[in-house]
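As provided, coords.csv (CSV, C-alpha atoms and all ligand atoms) reads as follows.
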chain,number,residue,atom,x,y,z
A,1341,MET,CA,214.1,149.3,61.6
A,1342,ALA,CA,211.0,151.5,61.6
A,1343,GLU,CA,208.3,150.7,59.1
A,1344,HIS,CA,207.4,153.5,56.6
A,1345,LEU,CA,205.5,153.8,53.4
A,1346,SER,CA,207.6,151.9,51.0
A,1347,GLN,CA,209.6,153.2,48.1
A,1348,SER,CA,207.0,151.9,45.7
A,1349,GLU,CA,204.6,154.7,47.0
A,1350,LEU,CA,207.0,157.1,45.2
A,1351,ASP,CA,206.1,155.5,41.8
A,1352,TYR,CA,202.4,155.8,42.6
A,1353,PRO,CA,201.0,156.6,46.1
A,1354,PHE,CA,198.3,153.9,46.4
A,1355,LYS,CA,198.3,153.7,50.1
A,1356,LEU,CA,198.5,157.4,50.7
A,1357,LEU,CA,195.5,158.0,48.4
A,1358,GLU,CA,193.6,155.3,50.3
A,1359,TYR,CA,194.3,157.0,53.6
A,1360,LEU,CA,193.3,160.3,52.1
A,1361,ASN,CA,190.0,158.8,51.1
A,1362,GLY,CA,189.4,157.4,54.6
A,1363,TYR,CA,186.9,160.1,55.6
A,1364,ARG,CA,184.9,159.7,52.5
A,1365,VAL,CA,184.6,156.0,53.2
A,1366,SER,CA,183.4,156.8,56.7
A,1367,LYS,CA,180.9,159.3,55.4
A,1368,VAL,CA,179.4,156.8,53.0
A,1369,ILE,CA,178.6,154.5,55.9
A,1370,PHE,CA,177.4,157.4,58.1
A,1371,ALA,CA,175.0,158.6,55.4
A,1372,ALA,CA,173.7,155.1,54.6
A,1373,CYS,CA,173.0,154.5,58.3
A,1374,GLU,CA,171.3,157.9,58.7
A,1375,LEU,CA,169.1,157.3,55.7
A,1376,GLY,CA,168.1,153.8,56.9
A,1377,VAL,CA,169.5,151.9,53.9
A,1378,PHE,CA,170.5,148.8,55.9
A,1379,GLU,CA,167.2,148.3,57.7
A,1380,LEU,CA,165.3,148.7,54.4
A,1381,LEU,CA,167.5,146.1,52.6
A,1382,MET,CA,167.5,143.8,55.5
A,1383,ARG,CA,163.6,143.7,55.6
A,1384,SER,CA,163.2,143.6,51.9
A,1385,PRO,CA,162.2,140.1,50.6
A,1386,GLY,CA,164.4,140.5,47.5
A,1387,ALA,CA,167.1,142.7,46.0
A,1388,MET,CA,166.1,146.3,45.3
A,1389,SER,CA,166.9,148.8,42.5
A,1390,ALA,CA,168.3,152.2,43.4
A,1391,LEU,CA,165.0,153.8,42.3
A,1392,GLN,CA,163.0,151.5,44.7
A,1393,VAL,CA,165.4,152.3,47.6
A,1394,ALA,CA,165.2,156.0,46.8
A,1395,GLU,CA,161.4,156.0,46.8
A,1396,ALA,CA,161.2,154.1,50.0
A,1397,LEU,CA,163.6,156.4,51.8
A,1398,ASP,CA,162.4,159.7,50.2
A,1399,ALA,CA,165.7,160.4,48.5
A,1400,SER,CA,166.9,161.2,45.0
A,1401,ALA,CA,167.3,158.3,42.6
A,1402,ASP,CA,170.6,159.6,41.3
A,1403,GLY,CA,172.1,160.3,44.7
A,1404,MET,CA,170.9,156.9,46.0
A,1405,GLU,CA,172.4,155.1,43.0
A,1406,ARG,CA,175.8,156.6,43.7
A,1407,LEU,CA,175.6,155.8,47.4
A,1408,LEU,CA,174.6,152.2,46.8
A,1409,ASP,CA,177.3,151.8,44.2
A,1410,ALA,CA,179.9,153.0,46.6
A,1411,LEU,CA,178.6,150.7,49.3
A,1412,ALA,CA,178.8,147.8,46.8
A,1413,GLY,CA,182.4,149.0,45.9
A,1414,MET,CA,183.2,148.8,49.6
A,1415,GLU,CA,181.7,145.2,49.6
A,1416,ILE,CA,179.2,146.2,52.3
A,1417,LEU,CA,176.3,145.6,49.8
A,1418,GLN,CA,176.0,143.0,47.1
A,1419,VAL,CA,174.9,143.9,43.6
A,1420,GLU,CA,173.6,141.9,40.7
A,1421,THR,CA,172.3,143.0,37.3
A,1422,ALA,CA,168.9,141.9,36.0
A,1423,ASP,CA,167.8,143.1,32.5
A,1424,GLY,CA,170.3,145.9,32.7
A,1425,THR,CA,169.1,147.1,36.1
A,1426,ALA,CA,171.4,147.0,39.1
A,1427,LEU,CA,169.7,145.3,42.1
A,1428,TYR,CA,171.2,145.7,45.6
A,1429,ASN,CA,171.1,143.3,48.4
A,1430,SER,CA,172.3,143.4,52.0
A,1431,THR,CA,175.1,141.3,53.3
A,1432,ASP,CA,175.4,139.3,56.6
A,1433,VAL,CA,177.9,141.9,57.8
A,1434,ALA,CA,175.6,144.8,57.1
A,1435,ASN,CA,172.6,143.1,58.7
A,1436,THR,CA,174.6,142.2,61.8
A,1437,TYR,CA,176.5,145.4,62.4
A,1438,LEU,CA,175.0,148.3,60.5
A,1439,ALA,CA,171.3,147.7,60.7
A,1440,ARG,CA,169.7,149.1,63.9
A,1441,GLY,CA,168.6,146.9,66.8
A,1442,GLY,CA,170.4,143.6,66.5
A,1443,ALA,CA,172.4,142.2,69.5
A,1444,LYS,CA,175.7,143.2,67.9
A,1445,SER,CA,174.5,146.3,66.1
A,1446,LEU,CA,177.0,149.2,65.9
A,1447,HIS,CA,174.3,151.6,64.7
A,1448,ASP,CA,174.6,153.8,67.8
A,1449,MET,CA,178.4,153.8,67.4
A,1450,VAL,CA,178.1,155.0,63.8
A,1451,ALA,CA,175.6,157.7,64.8
A,1452,TYR,CA,177.9,159.1,67.5
A,1453,HIS,CA,180.9,159.1,65.2
A,1454,SER,CA,178.9,160.8,62.5
A,1455,GLN,CA,177.3,163.5,64.7
A,1456,THR,CA,179.8,164.2,67.5
A,1457,ILE,CA,183.2,162.7,66.8
A,1458,TYR,CA,183.5,163.8,63.2
A,1459,PRO,CA,182.8,167.5,63.9
A,1460,LEU,CA,185.4,167.3,66.8
A,1461,TRP,CA,188.0,165.9,64.4
A,1462,ASN,CA,187.4,168.9,62.1
A,1463,ASN,CA,189.4,170.8,64.7
A,1464,MET,CA,192.3,168.3,65.0
A,1465,ALA,CA,194.9,170.7,63.9
A,1466,ASP,CA,193.8,173.2,66.6
A,1467,ALA,CA,193.7,170.4,69.2
A,1468,VAL,CA,197.3,169.5,68.3
A,1469,ARG,CA,198.4,173.1,68.4
A,1470,GLU,CA,196.7,173.9,71.7
A,1471,GLY,CA,197.1,170.5,73.3
A,1472,LYS,CA,193.6,170.5,74.6
A,1473,ASN,CA,190.1,169.3,73.8
A,1474,GLN,CA,187.9,171.1,71.3
A,1475,ASN,CA,184.5,170.7,72.9
A,1476,GLN,CA,184.0,174.5,73.5
A,1477,LYS,CA,184.9,175.5,69.9
A,1478,THR,CA,183.2,172.7,68.1
A,1479,PHE,CA,179.8,172.8,69.9
A,1480,GLY,CA,179.7,176.5,71.0
A,1481,ILE,CA,179.4,175.6,74.6
A,1482,PRO,CA,180.9,177.4,77.7
A,1483,PRO,CA,184.2,176.0,79.1
A,1484,GLY,CA,183.8,173.3,81.6
A,1485,GLU,CA,184.6,169.8,82.6
A,1486,VAL,CA,184.8,167.0,80.1
A,1487,PHE,CA,181.5,165.3,81.0
A,1488,GLU,CA,179.7,168.7,81.0
A,1489,ALA,CA,180.5,168.8,77.3
A,1490,ILE,CA,179.8,165.2,76.5
A,1491,TYR,CA,176.5,165.4,78.4
A,1492,ARG,CA,175.6,168.9,77.2
A,1493,SER,CA,172.0,167.8,76.4
A,1494,GLU,CA,169.8,164.9,77.1
A,1495,GLU,CA,170.0,163.9,73.5
A,1496,GLU,CA,173.8,164.0,73.6
A,1497,MET,CA,173.8,161.9,76.8
A,1498,VAL,CA,171.7,159.2,75.2
A,1499,LYS,CA,173.9,159.2,72.1
A,1500,PHE,CA,177.1,158.9,74.1
A,1501,MET,CA,175.6,156.2,76.2
A,1502,GLY,CA,174.5,154.3,73.0
A,1503,LEU,CA,178.2,154.5,71.8
A,1504,MET,CA,179.5,153.1,75.2
A,1505,ASN,CA,176.8,150.4,75.2
A,1506,SER,CA,177.5,149.2,71.7
A,1507,SER,CA,181.2,148.4,72.2
A,1508,TRP,CA,180.5,145.8,74.8
A,1509,ASN,CA,178.3,143.9,72.3
A,1510,LEU,CA,181.6,143.2,70.6
A,1511,ASP,CA,184.3,143.0,73.2
A,1512,GLY,CA,182.4,142.5,76.5
A,1513,GLN,CA,182.8,138.8,76.8
A,1514,ASP,CA,186.6,138.8,76.0
A,1515,VAL,CA,187.2,141.6,78.4
A,1516,VAL,CA,185.4,140.1,81.4
A,1517,THR,CA,187.0,136.7,80.9
A,1518,ALA,CA,190.6,138.0,80.3
A,1519,PHE,CA,191.2,137.1,83.9
A,1520,ASN,CA,189.3,134.6,86.1
A,1521,LEU,CA,187.4,137.1,88.4
A,1522,SER,CA,185.3,134.5,90.2
A,1523,CYS,CA,187.2,135.0,93.5
A,1524,PHE,CA,185.7,138.6,93.7
A,1525,GLN,CA,182.3,138.5,95.5
A,1526,LYS,CA,181.3,142.2,95.2
A,1527,ILE,CA,182.2,143.8,91.9
A,1528,VAL,CA,181.6,147.6,91.3
A,1529,ASP,CA,181.8,148.9,87.8
A,1530,VAL,CA,183.0,152.4,88.4
A,1531,GLY,CA,181.5,154.8,85.7
A,1532,GLY,CA,179.7,151.7,84.3
A,1533,CYS,CA,177.4,153.9,82.2
A,1534,THR,CA,174.4,151.8,80.9
A,1535,GLY,CA,175.5,148.6,82.5
A,1536,ALA,CA,176.5,146.9,79.3
A,1537,LEU,CA,179.8,145.6,80.8
A,1538,ALA,CA,178.1,144.9,84.2
A,1539,ARG,CA,175.6,142.6,82.4
A,1540,GLU,CA,178.6,140.7,80.9
A,1541,LEU,CA,180.2,140.5,84.3
A,1542,ALA,CA,177.0,139.2,85.9
A,1543,ARG,CA,176.7,136.6,83.1
A,1544,ALA,CA,180.3,135.4,83.5
A,1545,TYR,CA,180.3,135.4,87.3
A,1546,PRO,CA,176.7,134.5,88.4
A,1547,SER,CA,177.7,134.1,92.0
A,1548,SER,CA,179.2,137.6,92.3
A,1549,SER,CA,177.1,140.7,92.9
A,1550,VAL,CA,177.6,143.5,90.3
A,1551,THR,CA,176.9,147.2,90.9
A,1552,VAL,CA,177.2,150.1,88.5
A,1553,PHE,CA,178.5,153.3,90.1
A,1554,GLU,CA,177.5,156.3,88.1
A,1555,LEU,CA,176.5,159.9,88.2
A,1556,PRO,CA,172.8,160.3,89.2
A,1557,ARG,CA,171.6,161.7,85.8
A,1558,VAL,CA,173.4,158.9,84.0
A,1559,VAL,CA,171.6,156.3,86.2
A,1560,GLU,CA,168.3,158.1,85.4
A,1561,MET,CA,169.0,158.0,81.6
A,1562,ALA,CA,170.2,154.4,81.8
A,1563,ARG,CA,167.0,153.3,83.4
A,1564,LYS,CA,164.9,155.3,81.0
A,1565,HIS,CA,166.6,154.5,77.7
A,1566,PHE,CA,168.6,151.3,78.2
A,1567,PRO,CA,166.4,149.1,80.4
A,1568,GLN,CA,167.7,145.6,81.2
A,1569,GLU,CA,165.6,142.5,80.5
A,1570,ASN,CA,166.2,141.2,84.0
A,1571,ASP,CA,168.0,142.8,87.0
A,1572,THR,CA,171.4,141.1,87.0
A,1573,PHE,CA,173.1,144.2,88.5
A,1574,ALA,CA,172.2,147.2,90.6
A,1575,PHE,CA,172.9,150.9,90.2
A,1576,HIS,CA,174.5,153.1,92.9
A,1577,SER,CA,174.4,156.8,92.3
A,1578,GLY,CA,177.4,159.0,93.1
A,1579,ASP,CA,180.4,161.0,91.9
A,1580,PHE,CA,183.8,159.3,92.0
A,1581,PHE,CA,185.6,162.7,92.4
A,1582,HIS,CA,183.3,164.3,94.9
A,1583,GLY,CA,182.0,161.9,97.6
A,1584,ASP,CA,182.4,158.3,98.7
A,1585,VAL,CA,182.6,155.2,96.5
A,1586,PRO,CA,181.1,152.0,97.8
A,1587,SER,CA,183.4,149.3,99.2
A,1588,ALA,CA,184.1,146.4,96.9
A,1589,ASP,CA,186.2,143.3,96.3
A,1590,LEU,CA,186.8,144.4,92.7
A,1591,TYR,CA,186.6,147.8,91.0
A,1592,VAL,CA,186.2,147.7,87.2
A,1593,LEU,CA,187.4,150.9,85.5
A,1594,ALA,CA,186.5,150.5,81.8
A,1595,ARG,CA,187.6,153.5,79.6
A,1596,ILE,CA,187.7,155.7,82.7
A,1597,LEU,CA,191.4,156.5,83.2
A,1598,HIS,CA,191.9,157.5,79.5
A,1599,ASP,CA,189.5,160.4,80.1
A,1600,TRP,CA,191.5,162.2,82.7
A,1601,SER,CA,194.9,163.8,83.5
A,1602,GLU,CA,197.4,161.7,85.4
A,1603,GLU,CA,196.8,163.7,88.5
A,1604,LYS,CA,193.0,162.9,88.5
A,1605,CYS,CA,193.7,159.3,87.7
A,1606,LEU,CA,195.9,159.0,90.8
A,1607,THR,CA,193.2,160.8,92.9
A,1608,LEU,CA,190.6,158.3,91.8
A,1609,LEU,CA,192.8,155.2,92.1
A,1610,LYS,CA,193.9,156.2,95.6
A,1611,LYS,CA,190.3,156.7,96.6
A,1612,LEU,CA,189.5,153.2,95.3
A,1613,TYR,CA,192.5,151.7,97.1
A,1614,ARG,CA,191.2,153.1,100.4
A,1615,ALA,CA,187.7,151.8,99.8
A,1616,CYS,CA,188.8,148.4,98.5
A,1617,ASN,CA,188.3,145.4,100.8
A,1618,PRO,CA,191.5,143.6,101.8
A,1619,GLY,CA,192.6,141.1,99.2
A,1620,GLY,CA,190.5,142.9,96.6
A,1621,GLY,CA,191.6,144.4,93.3
A,1622,VAL,CA,191.0,146.7,90.4
A,1623,LEU,CA,190.5,145.7,86.7
A,1624,LEU,CA,191.4,148.3,84.1
A,1625,VAL,CA,189.9,148.0,80.7
A,1626,GLU,CA,191.4,150.2,78.0
A,1627,ALA,CA,192.7,150.1,74.4
A,1628,MET,CA,196.4,149.8,75.3
A,1629,LEU,CA,199.2,151.2,73.2
A,1630,LEU,CA,202.3,149.1,72.6
A,1631,GLU,CA,205.1,149.9,75.0
A,1632,ASN,CA,207.0,151.8,72.3
A,1633,HIS,CA,203.8,153.6,71.1
A,1634,ARG,CA,204.2,152.1,67.6
A,1635,GLY,CA,200.7,150.7,67.5
A,1636,PRO,CA,198.0,149.4,67.4
A,1637,ILE,CA,196.8,152.0,65.0
A,1638,ALA,CA,193.3,151.9,66.6
A,1639,ALA,CA,194.8,152.8,70.0
A,1640,GLN,CA,196.9,155.6,68.4
A,1641,LEU,CA,193.7,157.0,66.8
A,1642,PHE,CA,191.8,156.6,70.1
A,1643,SER,CA,194.5,158.7,71.7
A,1644,LEU,CA,193.9,161.5,69.3
A,1645,ASN,CA,190.2,161.2,70.0
A,1646,MET,CA,190.9,161.6,73.7
A,1647,LEU,CA,192.9,164.8,72.7
A,1648,VAL,CA,190.0,166.4,70.9
A,1649,GLN,CA,187.3,165.3,73.3
A,1650,THR,CA,188.7,164.7,76.8
A,1651,ASP,CA,191.6,165.6,79.1
A,1652,GLY,CA,193.1,162.1,78.8
A,1653,ARG,CA,195.1,159.9,76.4
A,1654,GLU,CA,195.7,156.2,75.7
A,1655,HIS,CA,198.7,154.7,77.5
A,1656,PRO,CA,201.0,151.6,77.2
A,1657,PRO,CA,200.7,149.0,79.9
A,1658,SER,CA,203.8,150.4,81.8
A,1659,GLN,CA,202.0,153.7,82.4
A,1660,TYR,CA,199.0,152.0,83.9
A,1661,THR,CA,201.2,149.7,86.0
A,1662,ASN,CA,203.0,152.8,87.3
A,1663,ILE,CA,200.0,154.7,88.4
A,1664,LEU,CA,198.5,151.5,89.9
A,1665,LYS,CA,201.6,151.0,92.0
A,1666,GLN,CA,201.7,154.7,93.0
A,1667,SER,CA,198.1,154.3,94.3
A,1668,GLY,CA,199.1,151.3,96.4
A,1669,PHE,CA,198.0,148.4,94.2
A,1670,ALA,CA,200.4,145.5,93.5
A,1671,HIS,CA,200.8,142.2,91.6
A,1672,VAL,CA,199.9,143.9,88.3
A,1673,GLN,CA,199.0,141.5,85.4
A,1674,VAL,CA,198.4,142.6,81.8
A,1675,CYS,CA,196.2,140.7,79.3
A,1676,ARG,CA,196.0,141.7,75.6
A,1677,THR,CA,192.8,140.3,74.2
A,1678,GLY,CA,193.7,140.9,70.5
A,1679,LYS,CA,190.4,142.9,70.1
A,1680,SER,CA,189.9,146.6,70.7
A,1681,TYR,CA,190.1,146.5,74.5
A,1682,ASP,CA,192.6,145.0,76.8
A,1683,ALA,CA,192.6,144.3,80.6
A,1684,ILE,CA,194.9,144.9,83.5
A,1685,LEU,CA,194.4,143.4,86.9
A,1686,ALA,CA,196.0,144.5,90.2
A,1687,PHE,CA,195.5,143.7,93.9
A,1688,LYS,CA,195.3,145.6,97.1
B,1,LIG,N1,182.7,152.2,81.7
B,1,LIG,C1,181.8,152.5,80.6
B,1,LIG,C2,182.3,151.8,79.3
B,1,LIG,O1,183.4,151.5,79.2
B,1,LIG,O2,181.4,151.6,78.5
B,1,LIG,C3,181.7,154.0,80.3
B,1,LIG,C4,183.0,154.7,80.0
B,1,LIG,S1,182.7,156.4,79.7
B,1,LIG,C5,184.0,156.8,78.7
B,1,LIG,C6,183.1,157.2,81.2
B,1,LIG,C7,181.9,157.1,82.3
B,1,LIG,O3,182.3,157.7,83.5
B,1,LIG,C8,180.7,157.7,81.8
B,1,LIG,O4,179.6,156.8,81.8
B,1,LIG,C9,180.5,158.8,82.8
B,1,LIG,O5,179.1,159.1,83.1
B,1,LIG,C10,181.2,158.3,84.0
B,1,LIG,N2,181.7,159.4,84.9
B,1,LIG,C11,182.3,160.5,84.6
B,1,LIG,N3,182.6,161.3,85.6
B,1,LIG,C12,182.1,160.6,86.7
B,1,LIG,C13,182.1,160.8,88.1
B,1,LIG,N4,182.7,162.0,88.6
B,1,LIG,N5,181.5,159.9,88.9
B,1,LIG,C14,181.0,158.8,88.4
B,1,LIG,N6,181.0,158.5,87.1
B,1,LIG,C15,181.5,159.4,86.2
B,2,LIG,C1,185.7,158.0,76.1
B,2,LIG,C2,185.6,157.1,75.1
B,2,LIG,C3,185.2,157.6,73.9
B,2,LIG,C4,185.4,159.4,76.0
B,2,LIG,C5,185.0,159.8,74.7
B,2,LIG,C6,184.9,158.9,73.7
B,2,LIG,C7,185.0,156.9,72.6
B,2,LIG,C8,184.6,157.9,71.7
B,2,LIG,N1,184.6,159.1,72.4
B,2,LIG,O1,186.1,157.6,77.4
B,2,LIG,C9,185.1,155.5,72.3
B,2,LIG,C10,186.4,155.0,71.9
B,2,LIG,N2,187.1,155.8,71.0
B,2,LIG,C11,186.8,156.1,69.8
B,2,LIG,C12,187.6,157.0,69.0
B,2,LIG,O2,185.8,155.6,69.3
Using structure tokens, write down the structure that the file contains.
Amino acid sequence: MAEHLSQSELDYPFKLLEYLNGYRVSKVIFAACELGVFELLMRSPGAMSALQVAEALDASADGMERLLDALAGMEILQVETADGTALYNSTDVANTYLARGGAKSLHDMVAYHSQTIYPLWNNMADAVREGKNQNQKTFGIPPGEVFEAIYRSEEEMVKFMGLMNSSWNLDGQDVVTAFNLSCFQKIVDVGGCTGALARELARAYPSSSVTVFELPRVVEMARKHFPQENDTFAFHSGDFFHGDVPSADLYVLARILHDWSEEKCLTLLKKLYRACNPGGGVLLVEAMLLENHRGPIAAQLFSLNMLVQTDGREHPPSQYTNILKQSGFAHVQVCRTGKSYDAILAFK
């Protein structure tokens, strides 16, 4: 039987009210990141009062006290009382994920959610009504292709690339080891953005060569804003819809197919099938829906995100299997990682 909010919600709608507050919870985190609360508390030798935090960050004491109290209420900060004054301290979780700069920092993800995704979601009802993305309306830009909107300025490009980069700090390792890929000599990460996943591939498979295939201006921005410590992979500039793709033993498509219509997905996969070396394959990396679309909730919400921002959607494994087979690929294997992103491997 289908799950639904239980009868006890009728007596008092606890869960419903929590859902309703979701955007406020998000906004507390967005604001704290924007103000620099987590970096300040991380660097502070001891706990700080709201007044001290406010002065350091050039904010009002009253506003800051309410924000810090909410963060403590959400268990993101710790609070203790000394002589009647509340003193706030960071937590390991806040230091690791919300402060800027650490190896696992989600700071860039938070910034993109706050500045780009949140305004798009303001138009969710219109997106559902119209069945199309809201880039034009939300950002006052002329109609065009998805990545013309996402890359509408250099600043937006760098923010989007920061978002893409940060997810692989969390899931990269699991995704590249979901299958043993050591049999593939030449790996091309198609639409590999900053190279965050390519770096993980090169680390896991040191005897393979790894190339990121990307739009020329993305390669330029990646080199400028996301330099790699040492060259474990190469960039190859091009356009996967207009022009050739390099040959490879394995094509990685991470969060590519979910951006596009089924027709464009097929065009791309067929092109890759033709360019693929015999015995080679393709690895899809996506947040996969359950076969019956009943979860995971994260994938369901991602699919709505694709509605407001792109021409694509999230799919269950059978849909990916279908289009892979239609493009010529065979022996499709699905691996759910249990984290945000899953993997599908298929062979030429
Ligand atoms: N694979 C990366 C990841 O998962 O972090 C990035 C995924 S991002 C959603 C889609 C990527 O496809 C972007 O980096 C974008 O620049 C790239 N892209 C879009 N259109 C492209 C095209 N026509 N040719 C090559 N790359 C393209
Ligand atoms: C894309 C992925 C994303 C295109 C636009 C996007 C993400 C946000 N905007 O391929 C990342 C995953 N989804 C969400 C909602 O965070």
- [ ] Could I get the residue neighbourhood of ligand LIG 1 (chain B) at 6 Å, counting all atoms listed in the file, as JSON, numbers by chain?
- [x] {"A": [1504, 1505, 1531, 1532, 1533, 1554, 1555, 1558, 1578, 1579, 1580, 1581, 1594, 1595, 1596]}
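Using all atoms listed in the file for every distance, the candidate list A:Tyr1452, A:Phe1687, A:Phe1370, A:Tyr1363 yields A:Tyr1452 as the residue closest to ligand LIG 2 (chain B).
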Report as a short mmCIF file (atom, residue, chain, number, x, y, z; two decimals) with C-alpha atoms, in the coordinates of the input which protein, DNA and RNA residues come within 10 Å of ligand LIG 2 (chain B), using only C-alpha atoms and all ligand atoms.
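Output contents, as saved in selection12.cif:
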data_model
loop_
_atom_site.label_atom_id
_atom_site.label_comp_id
_atom_site.auth_asym_id
_atom_site.auth_seq_id
_atom_site.Cartn_x
_atom_site.Cartn_y
_atom_site.Cartn_z
CA MET A 1449 178.40 153.80 67.40
CA VAL A 1450 178.10 155.00 63.80
CA TYR A 1452 177.90 159.10 67.50
CA HIS A 1453 180.90 159.10 65.20
CA THR A 1456 179.80 164.20 67.50
CA ILE A 1457 183.20 162.70 66.80
CA TYR A 1458 183.50 163.80 63.20
CA LEU A 1460 185.40 167.30 66.80
CA VAL A 1486 184.80 167.00 80.10
CA PHE A 1487 181.50 165.30 81.00
CA ILE A 1490 179.80 165.20 76.50
CA PHE A 1500 177.10 158.90 74.10
CA MET A 1501 175.60 156.20 76.20
CA LEU A 1503 178.20 154.50 71.80
CA MET A 1504 179.50 153.10 75.20
CA SER A 1506 177.50 149.20 71.70
CA SER A 1507 181.20 148.40 72.20
CA GLY A 1531 181.50 154.80 85.70
CA ALA A 1594 186.50 150.50 81.80
CA ARG A 1595 187.60 153.50 79.60
CA ILE A 1596 187.70 155.70 82.70
CA LEU A 1597 191.40 156.50 83.20
CA HIS A 1598 191.90 157.50 79.50
CA ASP A 1599 189.50 160.40 80.10
CA TRP A 1600 191.50 162.20 82.70
CA GLU A 1626 191.40 150.20 78.00
CA ALA A 1627 192.70 150.10 74.40
CA ALA A 1638 193.30 151.90 66.60
CA ALA A 1639 194.80 152.80 70.00
CA GLN A 1640 196.90 155.60 68.40
CA LEU A 1641 193.70 157.00 66.80
CA PHE A 1642 191.80 156.60 70.10
CA SER A 1643 194.50 158.70 71.70
CA LEU A 1644 193.90 161.50 69.30
CA ASN A 1645 190.20 161.20 70.00
CA MET A 1646 190.90 161.60 73.70
CA LEU A 1647 192.90 164.80 72.70
CA VAL A 1648 190.00 166.40 70.90
CA GLN A 1649 187.30 165.30 73.30
CA THR A 1650 188.70 164.70 76.80
CA ASP A 1651 191.60 165.60 79.10
CA GLY A 1652 193.10 162.10 78.80
CA ARG A 1653 195.10 159.90 76.40
CA GLU A 1654 195.70 156.20 75.70
CA SER A 1680 189.90 146.60 70.70
CA TYR A 1681 190.10 146.50 74.50
#
Open item on the list: Using Å and a single decimal, report how far CA of Ser1601 in chain A sits from CA of Arg1614 in chain A.
Closed with: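 So the two atoms, CA of Arg1614 in chain A and CA of Ser1601 in chain A, lie 20.3 Å apart.
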- [ ] Point out the residue among A:Glu1602, A:Glu1405, A:Glu1560, A:Asp1589 with the least atom-to-atom distance to Val1622 in chain A, counting all atoms listed in the file.
- [x]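 So, comparing all the options, the nearest one is A:Asp1589.
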TODO: Tell me, in Å to one decimal, how far CA of Met1497 in chain A is from CA of Arg1557 in chain A.
DONE: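 Computing it gives 9.3 Å between the two atoms.
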Task: Separation of CA of Leu1624 in chain A from CA of Leu1685 in chain A in Å - done: 6.4 Å
TODO: Do a neighbour search on Lys1444 in chain A at 10 Å with all atoms listed in the file, toss out local chain neighbours closer than 6 positions, and write the hits as a ChimeraX atom specification.
DONE: /A:1435-1438,1506-1510
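When only C-alpha atoms are used to measure the gap to Gln1568 in chain A, the shortest distance among A:Gly1441, A:Gly1535, A:Gly1386, A:Gly1512 belongs to A:Gly1535.
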- [ ] Have a look at A:Ala1387, A:Ala1451, A:Leu1629, A:Ile1416 and name the one nearest to Gln1659 in chain A; count only C-alpha atoms.
- [x]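 Smallest separation from Gln1659 in chain A among the options: A:Leu1629.
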Task: Nearest-residue call for Glu1395 in chain A, choices A:Ala1426, A:Leu1380, A:His1447, A:Ser1587, using only C-alpha atoms - done: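 Once distances to Glu1395 in chain A are computed over only C-alpha atoms, the minimum belongs to A:Leu1380.
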Open item on the list: Report as a ChimeraX atom specification all protein, DNA and RNA residues lying within 10 Å of Val1498 in chain A, evaluated on all atoms listed in the file, omitting residues in the same chain fewer than 3 positions from it.
Closed with: /A:1448,1452,1491,1493-1495,1501-1504,1534,1558,1561-1562,1564-1566
Those residues with C-alpha atoms, as an mmCIF file, keeping the file's coordinate frame please?
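The result, written out as out-v1.cif:
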data_model
loop_
_atom_site.group_PDB
_atom_site.id
_atom_site.type_symbol
_atom_site.label_atom_id
_atom_site.label_comp_id
_atom_site.auth_asym_id
_atom_site.auth_seq_id
_atom_site.Cartn_x
_atom_site.Cartn_y
_atom_site.Cartn_z
ATOM 1 C CA ASP A 1448 174.600 153.800 67.800
ATOM 2 C CA TYR A 1452 177.900 159.100 67.500
ATOM 3 C CA TYR A 1491 176.500 165.400 78.400
ATOM 4 C CA SER A 1493 172.000 167.800 76.400
ATOM 5 C CA GLU A 1494 169.800 164.900 77.100
ATOM 6 C CA GLU A 1495 170.000 163.900 73.500
ATOM 7 C CA MET A 1501 175.600 156.200 76.200
ATOM 8 C CA GLY A 1502 174.500 154.300 73.000
ATOM 9 C CA LEU A 1503 178.200 154.500 71.800
ATOM 10 C CA MET A 1504 179.500 153.100 75.200
ATOM 11 C CA THR A 1534 174.400 151.800 80.900
ATOM 12 C CA VAL A 1558 173.400 158.900 84.000
ATOM 13 C CA MET A 1561 169.000 158.000 81.600
ATOM 14 C CA ALA A 1562 170.200 154.400 81.800
ATOM 15 C CA LYS A 1564 164.900 155.300 81.000
ATOM 16 C CA HIS A 1565 166.600 154.500 77.700
ATOM 17 C CA PHE A 1566 168.600 151.300 78.200
#
Open item on the list: I need the residue nearest Cys1605 in chain A from this list: A:Ser1430, A:Ser1577, A:Thr1478, A:Gln1666. Use all atoms listed in the file for the distance.
Closed with: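 Closest candidate: A:Gln1666.
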Task: Point (189.3, 139.9, 80.7) neighbourhood (9 Å, all atoms listed in the file) written as a list in words - done: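 All residues meeting the 9 Å criterion around (189.3, 139.9, 80.7) are Gly1512, Gln1513, Asp1514, Val1515, Val1516, Thr1517, Ala1518, Phe1519, Asn1520, Leu1521, Leu1623, Val1625, Cys1675, Arg1676, Thr1677, Asp1682, Ala1683, Ile1684 and Leu1685 of chain A.
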